[in-house]
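Right, one structure below, let's go through it.
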Amino acid sequence: MKNNIVLRILVTLVVAFLVFYITLPPINFQYFGFYIYLVFVILVFKVTGIINIKTNVKRIFKEGYNKNKFYKDNLIYFAIAGVFVLICLVNIIFSPLFMSKKYSNRIEIDESNDFTSEINEVNFDMIPLLDKDSSTKLGDRVMGQMSELVSQFEVSSLYTQINYNNEIIRVTPLEYANGIKWLTNRKDGVKGYIKVNSVTGKSELIKLDKGMKYMPSSLFNENLYRKLRFLYPTKVFGNVSFEIDNEGNPYWIVPTIRYSAVGLLKEVEGIIIFDPITAKSTYYDTNEVPKWVDQVYSANLVIEQVNDWGMYKNGFLNSLFGQKGVVTTTDGYNYMIQDDDVYLYTGITSINSDESNIGFIITNLRTKETKFYNVPGAEEYSAMDSAKGQVQQMNYNSTFPLLINLNNRPTYLISLKDKAGLVKMYAFVDVEDYQKVVVTDASLGVEEAARNYLSNVDLKDSGSTLIEKTIVIDKINSATIDSMTYYYITDTEKQKYKVSIKVSDYLPFVSKGDELKISYVKQKDIIDITNINN
């Protein structure tokens with residue numbers, strides 16, 4: 001009998017270790033999957049005790065049914081059922097029904113903000129024009145040019161948006177193409193990652209002197225998640241991202257998660273910075289994260305918490321019935337760069353999901369500092385449809401808008417792409433009035449597209465600060481661009497101006513020496529005239 005118990009324990013331990021090695025559950029009572037693992041291990045132990053079913057059946061018939069013995073033999077099952085009932089009760093107590101305030105306070109949102117004074121005016125040298133889809137195509141193209149690598153490795157789909165030494169890029173590692181490729185290349189590791197400039201589209205493969213061995217595609221003990229699990233057996237891991245430090249060294253950024261009750265009220269408690277080359281790792285609390293790390297909080301977690309804030313800030317019953325002040329995020333998000341940090345932004349709309357936003361939230365993905373800007377206007381998909389409508393005959397696809405401050409106006413910048421995923425046009429759409437939209441050929445550049453927009457939309461009463469001035473013409477020339485006539489003027493003070501024929505029908509009749517009373521928004525270099533008052 002004693003030998004039988006020892007054998008059962010040994011079998012159970014072997015099976016438990018194999019399952020743990022494959023599934024990698026955290027040893028954490030706040031994680032529901034851990035209870036599933038425990039139940040499985042207990043069942044394995046019980047099954048090993050009834051393998052000799054013939055003997056057990058004979059014993060039952062010989063001794064008869066013993067009620068007390070039945071309960072004793074099955075006590076473990078009653079205990080398991082009791083634990084799951086307890087989990088359900090605790091989770092009900094921690095549900096929004098009883099703790100709506102706790103849900104609404106998952107994220108602290110500052111609502112006393114002004115968009116034009118706090119959001120820097122757009123710098124087109126620091127705006128991520130390329131979305132993840134376009135970056136992926138560029139990265140795959142670079143990989144295709146490396147014949148010695150393309151048969152052994154593939155490009156990861158991560159493409160993390162980061163700010164790298166004031167350069168806005170997406171970065172993603174190479175991965176082993178399959179298990180056989182890992183076996184033949186594991187000695188040297190993965191010796192590179194791809195960097196794509198989100199502004200210019202320049203993409204390059206960065207080769208490493210020493211290869212990265214601990215990757216998601218590695219097998220056995222070199223698998224990234226297995227290595228992390230054995231280093232941090234009790235930690236629950238969030239979405240792993242790939243980043244590089246200011247010197248270009250690669251790291252895995254691994255958020256660690258805590259819950260309330262079991263699996264509720266998810267929150268980031270810290271991050272693990274893991275070196276895929278040396279396997280050295282360091283844990284940081286959220287308030288100690290190095291500044292070069294850009295994405296501590298995932299976009300999905302931020303949006304989940306903002307939705308809870310919008311849903312439950314006036315109580316659980318209000319979220320179901322009165323729905324006073326209940327708001328939600330729009331279906332999509334994008335990134336913006338400011339002050340060396342990466343920010344997530346998304347629109348906030350009413351729970352009725354109409355075609356307008358009541359404002360925006362902008363969240364620092366390193367610190368989770370979140371601000372709400374009360375800017376009523378078009379919902380992002382309405383702006384996207386408005387942009388596509390300008391060139392509907394082209395059947396272009398619209399990217400999710402970038403939110404920018406253009407001349408003290410919240411403005412959407414949208415890229416229009418063809419079927420091949422190439423950016424063909426840029427569209428600028430006024431947030432507060434999505435009927436104000438101008439589309440420009442992308443080959444002219446985004447700055448020219450901005451000037452075209454400012455020249456062709458009516459900025460009167462728009463909130464932009466207009467400067468009025470009287471100039472004397474020294475030189476004037478005209479040119480036609482995209483079927484639109486533009487006049488290029490140099491005044492007697494050598495300042496250069498550009499103005500569309502749409503601004504004034506008076507333009508064809510002016511010449512050197514004439515005076516013009518103009519209005520414009522302050523700009524550098526060539527000034528776009530928005531109004532002529534002659």
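Within each chain, counting starts at residue 1; across the structure tokens, chains are named A, B, ... in the order shown, with ligands numbered 1 upward in that order.
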Residue contacts of A:Asp341 (9 Å, only C-alpha atoms) excluding same-chain residues fewer than 4 positions away, as a ChimeraX atom specification: /A:162-163,291-294,336-337,364-366
Sort by chain and increasing residue number a table of all residues of stretch 254-289 of chain A within 9 Å of stretch 205-218 of chain A, each with its closest pair of atoms and their distance in Å to one decimal, counting only C-alpha atoms, and write it as a Markdown table.
| residue | atom | partner | partner_atom | distance |
| --- | --- | --- | --- | --- |
| A:Asp275 | CA | A:Tyr214 | CA | 8.3 |
| A:Pro276 | CA | A:Tyr214 | CA | 4.8 |
| A:Ile277 | CA | A:Met212 | CA | 4.4 |
| A:Thr278 | CA | A:Met212 | CA | 8.0 |
| A:Ala279 | CA | A:Tyr214 | CA | 7.0 |
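Each of A:Asn334, A:Ser147, A:Asn395, A:Ser203 was checked against A:Gln161 using only C-alpha atoms; the smallest atom-to-atom distance is that of A:Asn334.
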Which residues are close to A:Val11, i.e. within 9 Å by only C-alpha atoms, leaving aside same-chain residues fewer than 6 positions away? Reply as number ranges by chain. A: 44-45, 48
Expected file contents, prior selection, C-alpha atoms, as a tab-separated table (two decimals), in the first residue's frame:
chain	number	residue	atom	x	y	z
A	44	VAL	CA	-4.30	12.89	-12.08
A	45	PHE	CA	-3.56	11.78	-8.53
A	48	THR	CA	-3.83	6.82	-10.48
Open item on the list: Run DSSP on the backbone and tell me which residues of stretch 149-238 of chain A come out as strand (DSSP E); list them as a PyMOL selection string.
Closed with: chain A and resi 153-155+160-164+167-176+190-197+203-212+236-237
Serialized selection, C-alpha atoms, as a CSV table (one decimal), in the first residue's frame:
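Output contents, as saved in part-v8.csv:
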chain,number,residue,atom,x,y,z
A,153,PHE,CA,14.2,33.5,-40.4
A,154,GLU,CA,11.0,35.4,-40.7
A,155,VAL,CA,9.9,38.9,-39.5
A,160,THR,CA,6.4,48.2,-31.6
A,161,GLN,CA,6.0,52.0,-32.0
A,162,ILE,CA,8.7,53.8,-30.1
A,163,ASN,CA,10.7,57.0,-29.9
A,164,TYR,CA,14.3,56.2,-30.5
A,167,GLU,CA,13.4,59.3,-34.3
A,168,ILE,CA,9.9,57.9,-34.6
A,169,ILE,CA,10.2,54.2,-35.6
A,170,ARG,CA,8.6,50.8,-35.4
A,171,VAL,CA,10.9,48.0,-34.4
A,172,THR,CA,10.5,44.3,-34.7
A,173,PRO,CA,12.8,41.3,-34.3
A,174,LEU,CA,13.5,38.4,-36.7
A,175,GLU,CA,12.2,35.0,-35.6
A,176,TYR,CA,13.2,31.4,-36.4
A,190,VAL,CA,18.8,35.5,-34.1
A,191,LYS,CA,21.3,38.1,-35.3
A,192,GLY,CA,19.1,41.1,-36.2
A,193,TYR,CA,16.0,43.2,-36.0
A,194,ILE,CA,14.2,45.5,-38.4
A,195,LYS,CA,13.8,49.2,-37.9
A,196,VAL,CA,11.2,51.2,-39.9
A,197,ASN,CA,11.1,55.0,-39.7
A,203,SER,CA,13.6,50.6,-43.3
A,204,GLU,CA,16.8,48.7,-42.5
A,205,LEU,CA,17.9,45.4,-41.0
A,206,ILE,CA,20.1,46.0,-38.0
A,207,LYS,CA,22.6,43.2,-37.6
A,208,LEU,CA,23.8,42.2,-34.1
A,209,ASP,CA,27.3,41.1,-33.1
A,210,LYS,CA,25.8,38.5,-30.8
A,211,GLY,CA,22.5,36.8,-31.6
A,212,MET,CA,19.3,36.8,-29.6
A,236,VAL,CA,1.3,37.0,-14.4
A,237,PHE,CA,2.7,38.4,-17.7
Hey, what's within 7 Å of A:Val199 if we count only C-alpha atoms and toss same-chain stuff fewer than 4 positions away? As a count of residues only, please?
7
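Restricting the calculation to only C-alpha atoms, the smallest distance between A:Val240 and any of A:Gln295, A:Thr282, A:Asn223, A:Thr367 is found for A:Gln295.
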